file work-v2.cif (mmCIF, C-alpha atoms; chains and numbers go by the auth columns)
data_final
#
loop_
_atom_site.group_PDB
_atom_site.id
_atom_site.type_symbol
_atom_site.label_atom_id
_atom_site.label_comp_id
_atom_site.label_asym_id
_atom_site.label_seq_id
_atom_site.Cartn_x
_atom_site.Cartn_y
_atom_site.Cartn_z
_atom_site.B_iso_or_equiv
_atom_site.auth_seq_id
_atom_site.auth_asym_id
ATOM 1 C CA MET A 1 -137.573 -50.893 -72.180 0.00 118 A
ATOM 2 C CA TYR A 2 -140.915 -52.469 -71.387 0.00 119 A
ATOM 3 C CA SER A 3 -140.338 -55.454 -73.640 0.00 120 A
ATOM 4 C CA GLU A 4 -136.867 -55.968 -72.166 0.00 121 A
ATOM 5 C CA LYS A 5 -138.393 -56.130 -68.682 0.00 122 A
ATOM 6 C CA LEU A 6 -141.094 -58.468 -69.869 0.00 123 A
ATOM 7 C CA ILE A 7 -138.617 -60.808 -71.502 0.00 124 A
ATOM 8 C CA ARG A 8 -136.442 -60.806 -68.389 0.00 125 A
ATOM 9 C CA CYS A 9 -139.453 -61.584 -66.230 0.00 126 A
ATOM 10 C CA LEU A 10 -140.540 -64.389 -68.572 0.00 127 A
ATOM 11 C CA VAL A 11 -137.055 -65.895 -68.555 0.00 128 A
ATOM 12 C CA ILE A 12 -136.974 -65.861 -64.753 0.00 129 A
ATOM 13 C CA CYS A 13 -140.459 -67.381 -64.509 0.00 130 A
ATOM 14 C CA THR A 14 -139.605 -70.127 -67.009 0.00 131 A
ATOM 15 C CA THR A 15 -136.387 -70.933 -65.154 0.00 132 A
ATOM 16 C CA SER A 16 -138.317 -71.139 -61.872 0.00 133 A
ATOM 17 C CA LEU A 17 -140.887 -73.452 -63.468 0.00 134 A
ATOM 18 C CA LEU A 18 -138.169 -75.687 -64.871 0.00 135 A
ATOM 19 C CA LEU A 19 -136.425 -75.834 -61.506 0.00 136 A
ATOM 20 C CA TYR A 20 -139.736 -76.760 -59.858 0.00 137 A
ATOM 21 C CA ALA A 21 -140.373 -79.475 -62.446 0.00 138 A
ATOM 22 C CA VAL A 22 -136.893 -80.947 -62.066 0.00 139 A
ATOM 23 C CA THR A 23 -137.045 -81.044 -58.280 0.00 140 A
ATOM 24 C CA SER A 24 -140.621 -82.384 -58.025 0.00 141 A
ATOM 25 C CA PHE A 25 -140.086 -85.473 -60.215 0.00 142 A
ATOM 26 C CA ALA A 26 -138.180 -88.180 -58.382 0.00 143 A
ATOM 27 C CA THR A 27 -136.319 -90.770 -60.429 0.00 144 A
ATOM 28 C CA PRO A 28 -138.103 -94.119 -60.414 0.00 145 A
ATOM 29 C CA LEU A 29 -136.229 -97.239 -59.421 0.00 146 A
ATOM 30 C CA LYS A 30 -135.013 -98.995 -62.559 0.00 147 A
ATOM 31 C CA ARG A 31 -133.119 -102.067 -63.731 0.00 148 A
ATOM 32 C CA GLY A 32 -129.644 -102.213 -62.285 0.00 149 A
ATOM 33 C CA ASP A 33 -130.470 -100.166 -59.178 0.00 150 A
ATOM 34 C CA ALA A 34 -130.095 -101.646 -55.716 0.00 151 A
ATOM 35 C CA PHE A 35 -133.494 -102.242 -54.146 0.00 152 A
ATOM 36 C CA PRO A 36 -133.938 -100.415 -50.822 0.00 153 A
ATOM 37 C CA GLU A 37 -133.413 -102.426 -47.630 0.00 154 A
ATOM 38 C CA LEU A 38 -136.939 -103.491 -46.614 0.00 155 A
ATOM 39 C CA GLY A 39 -136.049 -103.706 -42.949 0.00 156 A
ATOM 40 C CA SER A 40 -135.259 -100.017 -42.739 0.00 157 A
ATOM 41 C CA TYR A 41 -138.811 -98.902 -43.577 0.00 158 A
ATOM 42 C CA GLN A 42 -141.915 -98.780 -41.437 0.00 159 A
ATOM 43 C CA LEU A 43 -143.710 -101.830 -42.777 0.00 160 A
ATOM 44 C CA GLU A 44 -146.714 -103.197 -40.914 0.00 161 A
ATOM 45 C CA GLY A 45 -146.601 -106.992 -40.859 0.00 162 A
ATOM 46 C CA THR A 46 -143.902 -109.604 -40.621 0.00 163 A
ATOM 47 C CA LEU A 47 -141.065 -109.679 -43.078 0.00 164 A
ATOM 48 C CA PRO A 48 -139.941 -113.185 -44.097 0.00 165 A
ATOM 49 C CA GLU A 49 -136.730 -114.277 -42.447 0.00 166 A
ATOM 50 C CA ARG A 50 -133.495 -114.614 -44.419 0.00 167 A
ATOM 51 C CA LEU A 51 -134.105 -112.564 -47.519 0.00 168 A
ATOM 52 C CA GLN A 52 -130.439 -112.388 -48.401 0.00 169 A
ATOM 53 C CA GLY A 53 -129.384 -114.550 -51.313 0.00 170 A
ATOM 54 C CA LYS A 54 -132.975 -115.098 -52.429 0.00 171 A
ATOM 55 C CA VAL A 55 -134.720 -114.037 -55.604 0.00 172 A
ATOM 56 C CA LEU A 56 -137.282 -111.503 -54.503 0.00 173 A
ATOM 57 C CA LEU A 57 -140.522 -110.336 -56.065 0.00 174 A
ATOM 58 C CA VAL A 58 -141.877 -107.157 -54.517 0.00 175 A
ATOM 59 C CA ASP A 59 -145.362 -106.154 -55.565 0.00 176 A
ATOM 60 C CA PHE A 60 -146.733 -102.704 -54.753 0.00 177 A
ATOM 61 C CA TRP A 61 -150.520 -102.829 -54.735 0.00 178 A
ATOM 62 C CA ALA A 62 -153.596 -101.148 -53.273 0.00 179 A
ATOM 63 C CA SER A 63 -157.139 -102.249 -52.487 0.00 180 A
ATOM 64 C CA TRP A 64 -158.594 -99.588 -54.791 0.00 181 A
ATOM 65 C CA CYS A 65 -156.536 -100.725 -57.766 0.00 182 A
ATOM 66 C CA ALA A 66 -158.545 -102.968 -60.124 0.00 183 A
ATOM 67 C CA PRO A 67 -155.596 -104.615 -61.955 0.00 184 A
ATOM 68 C CA CYS A 68 -154.098 -105.516 -58.562 0.00 185 A
ATOM 69 C CA ARG A 69 -157.102 -107.773 -57.962 0.00 186 A
ATOM 70 C CA ARG A 70 -156.440 -109.669 -61.194 0.00 187 A
ATOM 71 C CA SER A 71 -152.730 -109.858 -60.525 0.00 188 A
ATOM 72 C CA PHE A 72 -153.090 -111.447 -57.101 0.00 189 A
ATOM 73 C CA ALA A 73 -154.258 -114.852 -58.395 0.00 190 A
ATOM 74 C CA VAL A 74 -151.327 -115.001 -60.824 0.00 191 A
ATOM 75 C CA TYR A 75 -148.749 -113.921 -58.260 0.00 192 A
ATOM 76 C CA ASP A 76 -150.096 -116.416 -55.754 0.00 193 A
ATOM 77 C CA ALA A 77 -149.731 -119.232 -58.292 0.00 194 A
ATOM 78 C CA LEU A 78 -146.159 -118.118 -59.030 0.00 195 A
ATOM 79 C CA HIS A 79 -145.383 -118.024 -55.328 0.00 196 A
ATOM 80 C CA ASP A 80 -146.703 -121.561 -54.858 0.00 197 A
ATOM 81 C CA LYS A 81 -144.728 -122.814 -57.841 0.00 198 A
ATOM 82 C CA TYR A 82 -141.358 -121.223 -57.103 0.00 199 A
ATOM 83 C CA GLN A 83 -141.099 -120.775 -53.340 0.00 200 A
ATOM 84 C CA GLU A 84 -139.387 -124.166 -52.952 0.00 201 A
ATOM 85 C CA LYS A 85 -136.795 -123.048 -55.474 0.00 202 A
ATOM 86 C CA GLY A 86 -135.885 -119.953 -53.476 0.00 203 A
ATOM 87 C CA LEU A 87 -138.331 -117.306 -54.655 0.00 204 A
ATOM 88 C CA VAL A 88 -139.748 -114.945 -52.046 0.00 205 A
ATOM 89 C CA LEU A 89 -142.776 -112.894 -53.002 0.00 206 A
ATOM 90 C CA ILE A 90 -143.798 -109.960 -50.847 0.00 207 A
ATOM 91 C CA GLY A 91 -146.882 -107.843 -51.374 0.00 208 A
ATOM 92 C CA ILE A 92 -146.564 -104.254 -50.187 0.00 209 A
ATOM 93 C CA SER A 93 -149.889 -102.509 -49.726 0.00 210 A
ATOM 94 C CA VAL A 94 -149.869 -98.735 -50.063 0.00 211 A
ATOM 95 C CA ASP A 95 -153.349 -98.392 -48.556 0.00 212 A
ATOM 96 C CA ASP A 96 -153.946 -95.585 -46.070 0.00 213 A
ATOM 97 C CA ASP A 97 -156.755 -97.539 -44.496 0.00 214 A
ATOM 98 C CA VAL A 98 -155.805 -100.876 -42.950 0.00 215 A
ATOM 99 C CA ASP A 99 -159.454 -102.025 -42.989 0.00 216 A
ATOM 100 C CA MET A 100 -159.629 -101.578 -46.755 0.00 217 A
ATOM 101 C CA MET A 101 -156.524 -103.707 -47.088 0.00 218 A
ATOM 102 C CA GLN A 102 -157.935 -106.434 -44.825 0.00 219 A
ATOM 103 C CA THR A 103 -161.249 -106.508 -46.702 0.00 220 A
ATOM 104 C CA PHE A 104 -159.374 -106.849 -49.968 0.00 221 A
ATOM 105 C CA LEU A 105 -157.276 -109.706 -48.584 0.00 222 A
ATOM 106 C CA GLU A 106 -160.375 -111.484 -47.290 0.00 223 A
ATOM 107 C CA LYS A 107 -161.865 -111.354 -50.773 0.00 224 A
ATOM 108 C CA ASN A 108 -158.569 -112.167 -52.488 0.00 225 A
ATOM 109 C CA PRO A 109 -156.680 -114.461 -50.141 0.00 226 A
ATOM 110 C CA VAL A 110 -153.036 -115.176 -50.931 0.00 227 A
ATOM 111 C CA SER A 111 -150.375 -117.377 -49.389 0.00 228 A
ATOM 112 C CA PHE A 112 -147.473 -114.921 -49.783 0.00 229 A
ATOM 113 C CA PRO A 113 -146.718 -112.385 -47.030 0.00 230 A
ATOM 114 C CA VAL A 114 -148.397 -109.008 -47.321 0.00 231 A
ATOM 115 C CA LEU A 115 -147.118 -105.932 -45.516 0.00 232 A
ATOM 116 C CA ARG A 116 -148.384 -102.375 -45.403 0.00 233 A
ATOM 117 C CA ASP A 117 -146.192 -99.392 -46.176 0.00 234 A
ATOM 118 C CA VAL A 118 -147.517 -97.292 -43.316 0.00 235 A
ATOM 119 C CA GLY A 119 -145.926 -93.958 -44.104 0.00 236 A
ATOM 120 C CA GLN A 120 -145.717 -94.708 -47.858 0.00 237 A
ATOM 121 C CA GLN A 121 -142.009 -94.054 -47.569 0.00 238 A
ATOM 122 C CA LEU A 122 -140.837 -97.191 -49.337 0.00 239 A
ATOM 123 C CA VAL A 123 -143.137 -96.625 -52.302 0.00 240 A
ATOM 124 C CA ALA A 124 -142.028 -93.000 -52.461 0.00 241 A
ATOM 125 C CA GLN A 125 -138.404 -94.146 -52.427 0.00 242 A
ATOM 126 C CA CYS A 126 -139.100 -96.529 -55.319 0.00 243 A
ATOM 127 C CA SER A 127 -141.102 -93.758 -57.004 0.00 244 A
ATOM 128 C CA ILE A 128 -143.335 -96.113 -58.958 0.00 245 A
ATOM 129 C CA LYS A 129 -145.279 -94.760 -61.908 0.00 246 A
ATOM 130 C CA THR A 130 -148.247 -97.136 -62.037 0.00 247 A
ATOM 131 C CA MET A 131 -150.293 -99.370 -59.788 0.00 248 A
ATOM 132 C CA PRO A 132 -149.450 -102.201 -59.484 0.00 249 A
ATOM 133 C CA THR A 133 -145.686 -102.262 -59.962 0.00 250 A
ATOM 134 C CA LEU A 134 -143.664 -105.409 -59.518 0.00 251 A
ATOM 135 C CA PHE A 135 -139.907 -105.540 -58.978 0.00 252 A
ATOM 136 C CA LEU A 136 -137.937 -108.705 -59.624 0.00 253 A
ATOM 137 C CA ILE A 137 -134.761 -108.562 -57.553 0.00 254 A
ATOM 138 C CA ASP A 138 -131.831 -110.928 -57.867 0.00 255 A
ATOM 139 C CA GLN A 139 -129.808 -112.671 -55.146 0.00 256 A
ATOM 140 C CA GLN A 140 -127.535 -109.618 -54.821 0.00 257 A
ATOM 141 C CA GLY A 141 -130.437 -107.263 -54.147 0.00 258 A
ATOM 142 C CA VAL A 142 -130.297 -105.634 -57.577 0.00 259 A
ATOM 143 C CA VAL A 143 -133.470 -104.852 -59.519 0.00 260 A
ATOM 144 C CA ARG A 144 -133.433 -107.034 -62.639 0.00 261 A
ATOM 145 C CA PHE A 145 -136.914 -106.434 -64.033 0.00 262 A
ATOM 146 C CA VAL A 146 -139.689 -103.929 -63.430 0.00 263 A
ATOM 147 C CA HIS A 147 -143.285 -104.651 -64.410 0.00 264 A
ATOM 148 C CA ASN A 148 -145.411 -101.526 -64.579 0.00 265 A
ATOM 149 C CA GLY A 149 -149.067 -102.478 -64.385 0.00 266 A
ATOM 150 C CA PHE A 150 -150.424 -105.973 -64.926 0.00 267 A
ATOM 151 C CA GLY A 151 -150.829 -107.362 -68.432 0.00 268 A
ATOM 152 C CA GLY A 152 -152.498 -110.705 -67.606 0.00 269 A
ATOM 153 C CA GLU A 153 -151.103 -113.766 -69.394 0.00 270 A
ATOM 154 C CA GLU A 154 -148.362 -111.755 -71.064 0.00 271 A
ATOM 155 C CA THR A 155 -147.002 -110.568 -67.709 0.00 272 A
ATOM 156 C CA LYS A 156 -147.304 -114.091 -66.329 0.00 273 A
ATOM 157 C CA GLU A 157 -145.262 -115.598 -69.162 0.00 274 A
ATOM 158 C CA GLN A 158 -142.631 -112.890 -68.903 0.00 275 A
ATOM 159 C CA LEU A 159 -142.375 -113.423 -65.165 0.00 276 A
ATOM 160 C CA ILE A 160 -141.999 -117.190 -65.482 0.00 277 A
ATOM 161 C CA ALA A 161 -139.151 -116.761 -67.969 0.00 278 A
ATOM 162 C CA GLN A 162 -137.464 -114.102 -65.829 0.00 279 A
ATOM 163 C CA ILE A 163 -137.825 -116.037 -62.561 0.00 280 A
ATOM 164 C CA GLU A 164 -136.494 -119.242 -64.105 0.00 281 A
ATOM 165 C CA GLY A 165 -133.597 -117.318 -65.587 0.00 282 A
ATOM 166 C CA LEU A 166 -132.654 -115.983 -62.170 0.00 283 A
ATOM 167 C CA ILE A 167 -133.247 -119.088 -60.106 0.00 284 A
ATOM 168 C CA GLU A 168 -131.181 -121.411 -62.320 0.00 285 A
ATOM 169 C CA MET B 1 -133.226 -47.012 -62.581 0.00 88 B
ATOM 170 C CA THR B 2 -131.626 -47.513 -59.234 0.00 89 B
ATOM 171 C CA ALA B 3 -129.919 -50.760 -58.333 0.00 90 B
ATOM 172 C CA TRP B 4 -132.511 -51.389 -55.614 0.00 91 B
ATOM 173 C CA LYS B 5 -135.438 -51.129 -58.047 0.00 92 B
ATOM 174 C CA ARG B 6 -133.711 -53.439 -60.513 0.00 93 B
ATOM 175 C CA CYS B 7 -133.063 -55.949 -57.753 0.00 94 B
ATOM 176 C CA LYS B 8 -136.742 -55.808 -56.715 0.00 95 B
ATOM 177 C CA GLN B 9 -137.861 -56.381 -60.295 0.00 96 B
ATOM 178 C CA LEU B 10 -135.608 -59.385 -60.667 0.00 97 B
ATOM 179 C CA ARG B 11 -136.986 -60.900 -57.486 0.00 98 B
ATOM 180 C CA MET B 12 -140.635 -60.423 -58.463 0.00 99 B
ATOM 181 C CA GLY B 13 -140.614 -63.136 -61.139 0.00 100 B
ATOM 182 C CA PRO B 14 -139.491 -66.122 -59.052 0.00 101 B
ATOM 183 C CA VAL B 15 -141.431 -64.956 -55.997 0.00 102 B
ATOM 184 C CA LEU B 16 -144.640 -64.715 -58.008 0.00 103 B
ATOM 185 C CA THR B 17 -144.005 -68.048 -59.726 0.00 104 B
ATOM 186 C CA LEU B 18 -143.276 -69.800 -56.443 0.00 105 B
ATOM 187 C CA PHE B 19 -146.409 -68.242 -54.938 0.00 106 B
ATOM 188 C CA ILE B 20 -148.517 -69.623 -57.794 0.00 107 B
ATOM 189 C CA LEU B 21 -146.792 -73.012 -57.676 0.00 108 B
ATOM 190 C CA SER B 22 -147.477 -73.355 -53.963 0.00 109 B
ATOM 191 C CA GLY B 23 -151.065 -74.211 -54.936 0.00 110 B
ATOM 192 C CA CYS B 24 -149.948 -77.097 -57.156 0.00 111 B
ATOM 193 C CA ALA B 25 -149.656 -80.688 -56.018 0.00 112 B
ATOM 194 C CA GLN B 26 -148.649 -83.755 -57.936 0.00 113 B
ATOM 195 C CA VAL B 27 -150.812 -86.743 -57.028 0.00 114 B
ATOM 196 C CA GLN B 28 -148.587 -89.791 -57.005 0.00 115 B
ATOM 197 C CA PRO B 29 -149.834 -93.176 -58.294 0.00 116 B
ATOM 198 C CA TRP B 30 -150.003 -94.524 -54.729 0.00 117 B
ATOM 199 C CA GLU B 31 -152.082 -91.569 -53.558 0.00 118 B
ATOM 200 C CA ARG B 32 -154.991 -92.093 -55.955 0.00 119 B
ATOM 201 C CA GLY B 33 -157.234 -94.047 -53.602 0.00 120 B
ATOM 202 C CA THR B 34 -159.735 -91.227 -53.179 0.00 121 B
ATOM 203 C CA LEU B 35 -159.738 -90.424 -56.887 0.00 122 B
ATOM 204 C CA SER B 36 -160.572 -94.040 -57.736 0.00 123 B
ATOM 205 C CA GLU B 37 -163.655 -94.123 -55.496 0.00 124 B
ATOM 206 C CA TYR B 38 -166.997 -94.758 -57.163 0.00 125 B
ATOM 207 C CA THR B 39 -168.340 -91.405 -55.991 0.00 126 B
ATOM 208 C CA MET B 40 -165.626 -89.647 -57.987 0.00 127 B
ATOM 209 C CA ARG B 41 -166.947 -91.035 -61.278 0.00 128 B
ATOM 210 C CA PRO B 42 -168.805 -88.424 -63.323 0.00 129 B
ATOM 211 C CA ASP B 43 -171.067 -91.114 -64.842 0.00 130 B
ATOM 212 C CA ARG B 44 -172.076 -92.783 -61.561 0.00 131 B
ATOM 213 C CA ASP B 45 -175.792 -91.878 -61.873 0.00 132 B
ATOM 214 C CA PRO B 46 -177.290 -92.842 -65.277 0.00 133 B
ATOM 215 C CA LEU B 47 -180.631 -91.105 -64.579 0.00 134 B
ATOM 216 C CA TYR B 48 -178.949 -87.844 -63.643 0.00 135 B
ATOM 217 C CA ASP B 49 -176.730 -88.117 -66.722 0.00 136 B
ATOM 218 C CA ALA B 50 -179.722 -88.656 -69.005 0.00 137 B
ATOM 219 C CA LEU B 51 -181.534 -85.643 -67.526 0.00 138 B
ATOM 220 C CA THR B 52 -178.484 -83.408 -67.785 0.00 139 B
ATOM 221 C CA GLU B 53 -177.862 -84.496 -71.355 0.00 140 B
ATOM 222 C CA HIS B 54 -181.474 -83.846 -72.331 0.00 141 B
ATOM 223 C CA ILE B 55 -181.423 -80.374 -70.806 0.00 142 B
ATOM 224 C CA TYR B 56 -178.076 -79.640 -72.415 0.00 143 B
ATOM 225 C CA PHE B 57 -178.925 -80.576 -75.955 0.00 144 B
ATOM 226 C CA SER B 58 -182.406 -79.046 -75.764 0.00 145 B
ATOM 227 C CA ARG B 59 -180.946 -75.757 -74.585 0.00 146 B
ATOM 228 C CA GLU B 60 -178.155 -75.792 -77.117 0.00 147 B
ATOM 229 C CA ALA B 61 -180.379 -77.150 -79.909 0.00 148 B
ATOM 230 C CA ALA B 62 -177.608 -79.649 -80.472 0.00 149 B
ATOM 231 C CA SER B 63 -179.288 -83.022 -80.361 0.00 150 B
ATOM 232 C CA GLY B 64 -176.813 -85.597 -81.591 0.00 151 B
ATOM 233 C CA GLY B 65 -173.916 -83.357 -80.812 0.00 152 B
ATOM 234 C CA ARG B 66 -172.325 -85.933 -78.555 0.00 153 B
ATOM 235 C CA GLY B 67 -172.177 -88.747 -81.013 0.00 154 B
ATOM 236 C CA VAL B 68 -175.763 -90.047 -80.962 0.00 155 B
ATOM 237 C CA GLY B 69 -178.269 -89.904 -83.818 0.00 156 B
ATOM 238 C CA GLY B 70 -180.365 -86.772 -84.263 0.00 157 B
ATOM 239 C CA GLY B 71 -180.896 -83.877 -86.549 0.00 158 B
ATOM 240 C CA GLY B 72 -179.790 -81.127 -84.197 0.00 159 B
ATOM 241 C CA CYS B 73 -183.300 -79.737 -83.765 0.00 160 B
ATOM 242 C CA GLY B 74 -183.387 -80.338 -80.005 0.00 161 B
ATOM 243 C CA CYS B 75 -186.983 -81.524 -80.295 0.00 162 B
ATOM 244 C CA ASN B 76 -186.751 -85.058 -78.875 0.00 163 B
#
call {"tool": "encode", "arguments": {"input": "work-v2.cif", "output": "structure tokens"}}
result
Amino acid sequence: MYSEKLIRCLVICTTSLLLYAVTSFATPLKRGDAFPELGSYQLEGTLPERLQGKVLLVDFWASWCAPCRRSFAVYDALHDKYQEKGLVLIGISVDDDVDMMQTFLEKNPVSFPVLRDVGQQLVAQCSIKTMPTLFLIDQQGVVRFVHNGFGGEETKEQLIAQIEGLIE
Amino acid sequence: MTAWKRCKQLRMGPVLTLFILSGCAQVQPWERGTLSEYTMRPDRDPLYDALTEHIYFSREAASGGRGVGGGGCGCN
């Protein structure tokens, strides 16, 4: 009788744990998903005009993230190279502290627009798994490639090939 | 066993589990700003680390136990 009770209790506890695990892990945004509408989130800063029909690169970064620092120079170069061809690059900072973000930008200046996800709602919606995460979105607003983390030259080469494939 | 007792027993499991889980929190990648601060690093003070290590391996007589050379006598 005791073991029957124990087993029943264990089964219930395991089921509860599984339910908790299933509900607490949101599904990350992946290839083929529609990217959320940027205008419907509380983003501090100015969104570029006319995003529709453009190839979009959205980079989630933070001032405390070391690879983000290395990625900025590469992304800035890509922005300079492809903006005339219709590429729009937007940096989304997930910093809580706006001063930290500003200090980072002073040390690592970039020419692409940078906004701050004030309530961290957009990043939560995208449910990214690493910092930084870069989404390459096509003219229809569909995520075509996701770059988790920054792999230096390898990421740069992949991005060039992917951007050129989408722009042409 | 009455139906009421059985019902109470069945409820205990999930209630207890949920009570325990209420203390859990999953830190998301975008929420790790505080964790990445320099003050959160366990090896931020080399002098303190060296002292702690010396006390540890002297007490345990386990010199070399963390991958450095030594005979395990704890005498250095």
call {"tool": "closest_residue", "arguments": {"input": "work-v2.cif", "among": "B:Ser109, B:His141, B:Gly120, B:Lys95", "to": "chain A", "atoms": "all atoms listed in the file"}}
result
B:Gly120
call {"tool": "resolve_selection", "arguments": {"input": "work-v2.cif", "expression": "the PyMOL selection byres ((chain B) within 7 of (chain A))", "output": "number ranges by chain"}}
result
B: 100-101, 104, 116-117, 120, 123
call {"tool": "atom_distance", "arguments": {"input": "work-v2.cif", "atom1": "atom CA of A:Ser157", "atom2": "atom CA of A:Val205"}}
result
18.2 Å
call {"tool": "atom_distance", "arguments": {"input": "work-v2.cif", "atom1": "atom CA of A:Asp150", "atom2": "atom CA of A:Val259"}}
result
5.7 Å
call {"tool": "atom_distance", "arguments": {"input": "work-v2.cif", "atom1": "atom CA of A:Asp193", "atom2": "atom CA of A:Val227"}}
result
5.8 Å
